[in-house]
file my_file-v7.cif (mmCIF, C-alpha atoms)
data_query
loop_
_atom_site.label_atom_id
_atom_site.label_comp_id
_atom_site.auth_asym_id
_atom_site.auth_seq_id
_atom_site.Cartn_x
_atom_site.Cartn_y
_atom_site.Cartn_z
CA MET A 1 8.64 51.31 51.01
CA ASN A 2 11.45 52.13 53.45
CA GLN A 3 12.45 48.96 55.35
CA ALA A 4 12.27 50.71 58.71
CA LEU A 5 8.78 52.03 57.93
CA ASP A 6 7.66 48.57 56.91
CA ALA A 7 8.98 47.25 60.24
CA LEU A 8 7.07 49.97 62.11
CA LEU A 9 3.82 49.04 60.35
CA ASP A 10 4.43 45.41 61.32
CA LEU A 11 4.99 46.56 64.91
CA LEU A 12 1.61 48.30 64.96
CA ASP A 13 -0.24 45.43 63.26
CA LEU A 14 -1.30 43.56 66.40
CA GLU A 15 -2.08 39.87 66.73
CA GLN A 16 -5.62 39.12 67.85
CA ILE A 17 -5.57 36.31 70.42
CA GLU A 18 -9.20 36.45 71.59
CA GLU A 19 -12.22 38.68 71.09
CA ASP A 20 -11.19 42.18 72.28
CA ILE A 21 -7.73 40.92 73.32
CA PHE A 22 -4.63 41.67 71.26
CA ARG A 23 -0.90 41.09 71.57
CA GLY A 24 1.95 43.31 70.47
CA VAL A 25 5.73 43.13 70.53
CA SER A 26 8.28 45.89 71.06
CA ARG A 27 11.37 47.26 69.41
CA SER A 28 14.59 48.33 71.08
CA ALA A 29 14.81 51.93 72.28
CA LEU A 30 17.46 54.30 73.62
CA VAL A 31 16.36 53.52 77.17
CA PRO A 32 15.68 50.05 78.65
CA ARG A 33 11.90 50.37 78.48
CA VAL A 34 9.19 50.39 75.85
CA PHE A 35 8.92 53.66 73.92
CA GLY A 36 5.76 55.44 75.08
CA GLY A 37 4.66 56.37 71.57
CA GLN A 38 4.72 52.70 70.62
CA VAL A 39 2.44 51.51 73.42
CA ALA A 40 0.05 54.44 72.85
CA ALA A 41 -0.17 53.71 69.11
CA GLN A 42 -0.61 49.98 69.68
CA ALA A 43 -3.37 50.60 72.23
CA LEU A 44 -5.15 52.85 69.73
CA VAL A 45 -4.85 50.12 67.09
CA ALA A 46 -6.44 47.66 69.53
CA ALA A 47 -9.30 50.08 70.26
CA GLY A 48 -9.85 50.73 66.55
CA ARG A 49 -10.02 47.01 65.78
CA THR A 50 -13.15 46.70 67.96
CA VAL A 51 -15.08 49.56 66.37
CA PRO A 52 -18.06 47.99 64.52
CA ALA A 53 -17.24 46.88 60.98
CA ASP A 54 -19.61 49.39 59.40
CA ARG A 55 -17.96 52.19 61.36
CA SER A 56 -14.31 51.24 61.55
CA PRO A 57 -11.86 53.27 59.43
CA SER A 58 -10.08 50.01 58.62
CA SER A 59 -10.40 46.43 59.74
CA ARG A 60 -6.66 45.96 59.42
CA LEU A 61 -4.11 48.68 59.91
CA ARG A 62 -2.76 48.62 56.35
CA SER A 63 -6.00 48.17 54.47
CA THR A 64 -7.54 50.89 52.33
CA SER A 65 -10.37 52.76 54.04
CA ARG A 66 -13.31 54.66 52.64
CA GLY A 67 -15.49 56.65 55.01
CA GLY A 68 -16.61 55.67 58.51
CA PRO A 69 -15.53 57.24 61.81
CA THR A 70 -11.99 57.67 62.98
CA ALA A 71 -10.45 58.49 66.35
CA HIS A 72 -11.19 62.02 67.47
CA SER A 73 -9.46 61.93 70.86
CA LEU A 74 -7.42 59.84 73.24
CA HIS A 75 -6.41 60.21 76.88
CA ALA A 76 -3.75 57.96 78.34
CA TYR A 77 -1.70 57.27 81.46
CA PHE A 78 1.69 55.57 81.53
CA LEU A 79 1.58 53.47 84.70
CA ARG A 80 4.78 51.39 84.70
CA PRO A 81 7.86 51.10 82.48
CA GLY A 82 7.27 48.54 79.76
CA ASP A 83 9.64 45.59 79.30
CA PRO A 84 10.82 45.60 75.64
CA GLY A 85 11.71 41.91 75.90
CA ALA A 86 8.18 40.72 76.69
CA PRO A 87 4.94 40.85 74.68
CA ILE A 88 2.26 43.37 75.64
CA VAL A 89 -1.36 42.21 75.96
CA TYR A 90 -4.05 44.79 75.18
CA THR A 91 -7.55 44.21 76.56
CA VAL A 92 -10.32 46.37 75.11
CA ASP A 93 -13.47 47.32 76.99
CA ARG A 94 -16.33 48.35 74.67
CA ILE A 95 -17.71 51.21 76.74
CA ARG A 96 -20.33 52.50 74.30
CA ASP A 97 -21.44 52.45 70.68
CA GLY A 98 -23.62 55.50 70.15
CA ARG A 99 -25.14 56.92 67.00
CA SER A 100 -22.20 59.28 66.36
CA PHE A 101 -19.55 58.35 68.93
CA THR A 102 -17.87 55.08 69.90
CA THR A 103 -15.88 54.89 73.14
CA ARG A 104 -13.26 52.32 74.09
CA ARG A 105 -11.02 51.70 77.10
CA VAL A 106 -7.77 49.76 76.69
CA VAL A 107 -5.46 48.34 79.36
CA ALA A 108 -1.97 47.18 78.39
CA VAL A 109 -0.58 44.40 80.60
CA GLN A 110 2.86 42.87 81.04
CA HIS A 111 3.95 40.28 83.63
CA GLY A 112 0.45 40.39 85.12
CA GLN A 113 0.48 44.12 85.79
CA PRO A 114 -1.05 47.07 83.91
CA ILE A 115 1.59 49.33 82.36
CA PHE A 116 -0.67 51.67 80.36
CA HIS A 117 -4.28 52.82 80.26
CA LEU A 118 -6.02 54.43 77.27
CA SER A 119 -9.46 55.89 76.69
CA ALA A 120 -10.24 56.60 73.04
CA SER A 121 -13.27 58.03 71.29
CA PHE A 122 -14.24 57.62 67.63
CA GLN A 123 -16.68 59.84 65.74
CA THR A 124 -18.60 59.48 62.50
CA TYR A 125 -17.86 62.42 60.19
CA GLU A 126 -20.40 65.23 60.26
CA GLU A 127 -20.67 68.84 59.12
CA GLY A 128 -20.38 71.58 61.75
CA LEU A 129 -19.00 74.97 62.72
CA GLU A 130 -15.48 75.67 61.44
CA HIS A 131 -12.67 77.89 62.70
CA GLN A 132 -9.03 77.42 63.65
CA ALA A 133 -5.95 79.28 64.87
CA VAL A 134 -3.40 80.65 62.42
CA MET A 135 -0.48 78.37 61.63
CA PRO A 136 2.82 79.71 63.05
CA HIS A 137 5.70 80.55 60.77
CA ALA A 138 8.17 77.73 60.17
CA PRO A 139 10.97 77.15 57.64
CA ASP A 140 10.36 74.96 54.60
CA PRO A 141 11.06 71.36 55.74
CA GLU A 142 12.91 70.61 52.49
CA THR A 143 15.53 73.24 53.45
CA LEU A 144 16.26 71.66 56.85
CA PRO A 145 18.93 69.02 57.53
CA THR A 146 17.87 65.43 58.12
CA ALA A 147 18.40 63.63 61.41
CA ALA A 148 21.31 61.71 59.89
CA GLU A 149 22.96 65.05 59.10
CA THR A 150 22.14 66.79 62.41
CA LEU A 151 22.56 64.23 65.18
CA PRO A 152 26.28 63.39 64.67
CA LEU A 153 27.08 67.10 65.05
CA HIS A 154 25.82 67.20 68.63
CA LEU A 155 25.92 63.68 70.08
CA PRO A 156 28.59 61.00 70.61
CA GLY A 157 28.81 58.65 67.63
CA HIS A 158 27.21 55.61 69.25
CA VAL A 159 24.34 57.67 70.71
CA ALA A 160 23.69 59.40 67.39
CA GLU A 161 23.68 56.05 65.58
CA ARG A 162 21.19 54.51 68.01
CA LEU A 163 18.89 57.53 67.83
CA ILE A 164 19.02 57.57 64.03
CA GLU A 165 18.21 53.86 63.97
CA ALA A 166 15.34 54.27 66.47
CA ARG A 167 13.77 56.98 64.30
CA ALA A 168 14.58 55.51 60.89
CA ALA A 169 10.91 55.05 59.98
CA VAL A 170 10.30 58.78 60.35
CA ASP A 171 11.86 61.74 58.54
CA LEU A 172 12.05 64.19 61.47
CA ARG A 173 13.72 67.58 60.97
CA TYR A 174 14.30 70.23 63.64
CA ALA A 175 13.55 73.81 62.64
CA ASP A 176 16.19 74.96 65.16
CA VAL A 177 19.05 73.37 67.09
CA PRO A 178 17.71 70.48 69.25
CA PRO A 179 18.16 70.52 73.05
CA TRP A 180 21.35 68.45 73.01
CA GLY A 181 22.94 71.01 70.68
CA THR A 182 22.75 73.90 73.17
CA VAL A 183 23.43 72.27 76.53
CA GLY A 184 23.96 74.88 79.24
CA GLN A 185 22.21 77.61 77.26
CA PRO A 186 18.59 78.15 78.39
CA ARG A 187 16.31 79.16 75.53
CA GLU A 188 12.68 79.98 74.93
CA PRO A 189 10.65 76.88 75.85
CA ARG A 190 9.48 76.26 72.31
CA SER A 191 10.48 73.76 69.64
CA GLN A 192 9.38 73.04 66.09
CA VAL A 193 9.94 69.87 64.09
CA TRP A 194 8.63 68.76 60.73
CA PHE A 195 7.91 65.07 60.33
CA ARG A 196 6.52 62.51 57.91
CA THR A 197 6.96 58.80 57.45
CA ASN A 198 10.17 57.87 55.67
CA GLY A 199 8.32 56.54 52.64
CA LYS A 200 4.88 56.65 51.05
CA LEU A 201 2.04 54.66 52.55
CA ALA A 202 -0.66 52.63 50.86
CA ASP A 203 -3.57 54.68 49.52
CA ASP A 204 -5.44 54.94 52.81
CA ALA A 205 -7.81 57.86 53.21
CA PRO A 206 -6.37 60.84 55.13
CA GLY A 207 -7.37 60.61 58.78
CA SER A 208 -7.76 56.82 58.71
CA LEU A 209 -6.60 54.68 61.61
CA LEU A 210 -3.23 54.16 59.92
CA HIS A 211 -2.36 57.86 59.78
CA VAL A 212 -3.77 58.63 63.22
CA CYS A 213 -1.80 55.81 64.87
CA LEU A 214 1.43 56.85 63.15
CA ALA A 215 0.98 60.45 64.35
CA THR A 216 0.34 59.10 67.85
CA TYR A 217 3.59 57.13 67.65
CA VAL A 218 5.62 60.19 66.60
CA SER A 219 3.92 62.55 69.07
CA ASP A 220 5.89 61.13 72.01
CA MET A 221 9.32 61.62 70.41
CA THR A 222 9.95 65.33 70.98
CA LEU A 223 7.10 66.85 73.00
CA LEU A 224 9.10 67.42 76.18
CA ASP A 225 12.01 69.03 74.29
CA SER A 226 10.58 72.45 75.10
CA VAL A 227 10.84 71.70 78.83
CA LEU A 228 14.54 70.91 78.38
CA LEU A 229 15.19 74.05 76.35
CA ALA A 230 13.95 76.31 79.14
CA HIS A 231 16.68 74.97 81.43
CA GLY A 232 19.54 74.39 79.02
CA ARG A 233 19.29 70.62 79.41
CA GLY A 234 20.18 68.18 76.66
CA GLY A 235 17.87 65.43 77.80
CA TRP A 236 17.91 61.66 77.81
CA ALA A 237 20.34 61.49 74.88
CA VAL A 238 23.12 63.14 76.92
CA GLY A 239 22.00 61.99 80.38
CA ASP A 240 21.64 65.35 82.14
CA VAL A 241 18.01 64.59 83.02
CA VAL A 242 16.02 61.44 83.64
CA GLY A 243 12.38 61.27 82.73
CA ALA A 244 9.39 59.42 81.43
CA SER A 245 5.95 60.21 80.05
CA LEU A 246 3.19 60.33 82.67
CA ASP A 247 0.04 61.12 80.72
CA HIS A 248 -0.77 61.98 77.13
CA ALA A 249 -3.82 63.44 75.39
CA MET A 250 -4.57 64.06 71.72
CA TRP A 251 -7.47 65.59 69.82
CA PHE A 252 -7.71 64.91 66.09
CA HIS A 253 -9.41 67.87 64.42
CA ARG A 254 -9.00 67.39 60.67
CA PRO A 255 -7.89 64.61 58.31
CA PHE A 256 -4.18 64.38 57.47
CA ARG A 257 -1.67 62.01 55.96
CA ALA A 258 1.28 60.86 58.03
CA ASP A 259 3.39 60.45 54.87
CA GLU A 260 3.10 64.17 54.05
CA TRP A 261 4.92 66.92 55.94
CA LEU A 262 3.39 67.82 59.32
CA LEU A 263 4.61 70.67 61.52
CA TYR A 264 4.84 69.79 65.24
CA ASP A 265 4.82 73.16 67.05
CA GLN A 266 5.61 72.53 70.74
CA GLU A 267 5.95 74.65 73.87
CA SER A 268 6.16 74.23 77.63
CA PRO A 269 4.08 76.54 79.84
CA SER A 270 5.23 75.01 83.13
CA ALA A 271 7.67 72.76 84.96
CA SER A 272 7.50 72.09 88.70
CA GLY A 273 7.56 69.29 91.25
CA GLY A 274 9.79 67.09 89.10
CA ARG A 275 7.28 67.27 86.24
CA GLY A 276 7.24 69.18 82.96
CA LEU A 277 4.24 70.02 80.78
CA GLY A 278 4.40 70.10 76.99
CA GLN A 279 1.60 71.25 74.72
CA ALA A 280 1.62 71.26 70.94
CA ARG A 281 -0.29 71.56 67.70
CA ILE A 282 0.26 69.55 64.56
CA TRP A 283 -0.34 71.35 61.27
CA THR A 284 -0.50 70.18 57.68
CA GLN A 285 1.88 71.91 55.30
CA ASP A 286 -1.01 73.86 53.73
CA GLY A 287 -1.96 75.36 57.12
CA ARG A 288 -4.77 73.16 58.47
CA LEU A 289 -4.78 72.47 62.21
CA ALA A 290 -4.83 68.67 62.36
CA VAL A 291 -4.07 67.66 65.97
CA THR A 292 -3.67 69.13 69.46
CA VAL A 293 -1.38 67.29 71.91
CA ILE A 294 -0.72 67.73 75.64
CA GLN A 295 1.67 65.64 77.73
CA GLU A 296 3.14 65.79 81.20
CA GLY A 297 6.26 63.86 82.04
CA VAL A 298 8.71 63.26 84.84
CA VAL A 299 11.76 65.50 84.30
CA ARG A 300 14.35 65.10 87.05
CA VAL A 301 17.94 66.23 87.37
CA PRO A 302 20.14 63.25 88.35
CA ARG A 303 21.60 63.48 91.85
#
call {"tool": "encode", "arguments": {"input": "my_file-v7.cif", "output": "structure tokens"}}
result
Amino acid sequence: MNQALDALLDLLDLEQIEEDIFRGVSRSALVPRVFGGQVAAQALVAAGRTVPADRSPSSRLRSTSRGGPTAHSLHAYFLRPGDPGAPIVYTVDRIRDGRSFTTRRVVAVQHGQPIFHLSASFQTYEEGLEHQAVMPHAPDPETLPTAAETLPLHLPGHVAERLIEARAAVDLRYADVPPWGTVGQPREPRSQVWFRTNGKLADDAPGSLLHVCLATYVSDMTLLDSVLLAHGRGGWAVGDVVGASLDHAMWFHRPFRADEWLLYDQESPSASGGRGLGQARIWTQDGRLAVTVIQEGVVRVPR
């Protein structure tokens, strides 16, 4: 397994310090705060750990799972910037264990203050009505350049190196030029990236907590790119905007594996009041709609 991926799995494998209370650590990021995808994924891990044993997709993040419910949605608010130098304590509130659905609320705390709030719902698998949208066209991910090949073309060396290092656990490939490659040139507010973990995972069932949490982690990496594209901004990597995630929602429709190619098709329908909205769909390579994502973030032009 890729060393960076192994480190990411360790990052998501929380320490239990009391019943329904867990502790996580952070990794360095491009900005001096905790990466939003990390805290969202860790909070979802904490919620999943409290789902009853006969229902939980896995009792530990890396363990093999067979059957049982998995997360079907999450709704989260980023309340304060996280301190990457301090542990994060996650307290889980067991809202309800129903016959088909299990609901959890998680509060992440640092230095005595809440920095993040998550509501997550888990569902036992059942048969039902089926339909989905048609997958958009996208180039074959194997034909696209890797991040290590693309980033040095558009960013200063030290910035490119830090971004490559921060994303080393994920093979993320842009279908078109990323925002920092066309600074000053407004484009259609739409972006596509293919992603998968940079290495194969243990034989967990598709849709298990492991795969869902990894997709949650990646979902915060590029979702607001489409906001930047509409205004010809390069983003946080070049410093022509400042921003942060405000709220984040995901709906998990169909099972998927995070170590197989997933298309992240993103667009921005609106930006106003210092905020930008991104919405996206995640598709498996064979055309199944796996996840819907919506996020709003602060997007401000520095004065």
call {"tool": "closest_residue", "arguments": {"input": "my_file-v7.cif", "among": "A:Val293, A:Ala169, A:Ala40, A:Ala47", "to": "Tyr77 in chain A", "atoms": "only C-alpha atoms"}}
result
A:Ala40
call {"tool": "atom_distance", "arguments": {"input": "my_file-v7.cif", "atom1": "CA of Ser73 in chain A", "atom2": "CA of Met250 in chain A"}}
result
5.4 Å
call {"tool": "closest_residue", "arguments": {"input": "my_file-v7.cif", "among": "A:Tyr125, A:Gly278, A:Val299, A:Val106", "to": "Ser208 in chain A", "atoms": "all atoms listed in the file"}}
result
A:Tyr125
call {"tool": "atom_distance", "arguments": {"input": "my_file-v7.cif", "atom1": "CA of Val170 in chain A", "atom2": "CA of Ser226 in chain A"}}
result
20.1 Å
call {"tool": "resolve_selection", "arguments": {"input": "my_file-v7.cif", "expression": "the PyMOL selection byres ((chain A and resi 281-287) around 12)", "output": "compact mmCIF listing (two decimals) with C-alpha atoms, in the coordinates of the input"}}
result
# COMPACT_ATOMS: atom_id res chain seq x y z
CA GLN A 132 -9.03 77.42 63.65
CA ALA A 133 -5.95 79.28 64.87
CA VAL A 134 -3.40 80.65 62.42
CA MET A 135 -0.48 78.37 61.63
CA PRO A 136 2.82 79.71 63.05
CA HIS A 137 5.70 80.55 60.77
CA ALA A 138 8.17 77.73 60.17
CA PRO A 139 10.97 77.15 57.64
CA ASP A 140 10.36 74.96 54.60
CA PRO A 141 11.06 71.36 55.74
CA GLU A 142 12.91 70.61 52.49
CA ARG A 190 9.48 76.26 72.31
CA SER A 191 10.48 73.76 69.64
CA GLN A 192 9.38 73.04 66.09
CA VAL A 193 9.94 69.87 64.09
CA TRP A 194 8.63 68.76 60.73
CA PHE A 195 7.91 65.07 60.33
CA ARG A 196 6.52 62.51 57.91
CA PRO A 206 -6.37 60.84 55.13
CA GLY A 207 -7.37 60.61 58.78
CA VAL A 212 -3.77 58.63 63.22
CA ALA A 215 0.98 60.45 64.35
CA THR A 216 0.34 59.10 67.85
CA VAL A 218 5.62 60.19 66.60
CA SER A 219 3.92 62.55 69.07
CA LEU A 223 7.10 66.85 73.00
CA ALA A 249 -3.82 63.44 75.39
CA MET A 250 -4.57 64.06 71.72
CA TRP A 251 -7.47 65.59 69.82
CA PHE A 252 -7.71 64.91 66.09
CA HIS A 253 -9.41 67.87 64.42
CA ARG A 254 -9.00 67.39 60.67
CA PRO A 255 -7.89 64.61 58.31
CA PHE A 256 -4.18 64.38 57.47
CA ARG A 257 -1.67 62.01 55.96
CA ALA A 258 1.28 60.86 58.03
CA ASP A 259 3.39 60.45 54.87
CA GLU A 260 3.10 64.17 54.05
CA TRP A 261 4.92 66.92 55.94
CA LEU A 262 3.39 67.82 59.32
CA LEU A 263 4.61 70.67 61.52
CA TYR A 264 4.84 69.79 65.24
CA ASP A 265 4.82 73.16 67.05
CA GLN A 266 5.61 72.53 70.74
CA GLU A 267 5.95 74.65 73.87
CA GLY A 278 4.40 70.10 76.99
CA GLN A 279 1.60 71.25 74.72
CA ALA A 280 1.62 71.26 70.94
CA ARG A 288 -4.77 73.16 58.47
CA LEU A 289 -4.78 72.47 62.21
CA ALA A 290 -4.83 68.67 62.36
CA VAL A 291 -4.07 67.66 65.97
CA THR A 292 -3.67 69.13 69.46
CA VAL A 293 -1.38 67.29 71.91
CA ILE A 294 -0.72 67.73 75.64
CA GLN A 295 1.67 65.64 77.73
call {"tool": "atom_distance", "arguments": {"input": "my_file-v7.cif", "atom1": "CA of Leu172 in chain A", "atom2": "CA of Cys213 in chain A"}}
result
16.5 Å
call {"tool": "residues_near_point", "arguments": {"input": "my_file-v7.cif", "point": "(-9.0, 55.9, 74.3)", "cutoff": "6 Å", "atoms": "only C-alpha atoms", "output": "list of chain:residue names"}}
result
A:Leu74, A:His75, A:Arg104, A:Arg105, A:Leu118, A:Ser119, A:Ala120, A:Ser121
call {"tool": "resolve_selection", "arguments": {"input": "my_file-v7.cif", "expression": "the PyMOL selection byres ((chain A and resi 97) around 10)", "output": "PyMOL selection string"}}
result
chain A and resi 51-52+55+94-96+98-104+121-122
call {"tool": "resolve_selection", "arguments": {"input": "my_file-v7.cif", "expression": "the PyMOL selection byres ((chain A and resi 235-240) around 8)", "output": "ChimeraX atom specification"}}
result
/A:30,155,159,179-180,225,228,233-234,241-243,301-302
call {"tool": "closest_residue", "arguments": {"input": "my_file-v7.cif", "among": "A:Ala148, A:Asp6, A:Gly37, A:Ala46", "to": "Thr222 in chain A", "atoms": "all atoms listed in the file"}}
result
A:Gly37
call {"tool": "closest_residue", "arguments": {"input": "my_file-v7.cif", "among": "A:Val183, A:Ile21, A:Leu8, A:Leu79", "to": "Leu246 in chain A", "atoms": "all atoms listed in the file"}}
result
A:Leu79
call {"tool": "closest_residue", "arguments": {"input": "my_file-v7.cif", "among": "A:Glu127, A:Arg167, A:His231, A:Tyr90", "to": "Gln113 in chain A", "atoms": "all atoms listed in the file"}}
result
A:Tyr90
call {"tool": "closest_residue", "arguments": {"input": "my_file-v7.cif", "among": "A:Val45, A:Ala4, A:Leu201, A:Ala271", "to": "Asp20 in chain A", "atoms": "only C-alpha atoms"}}
result
A:Val45
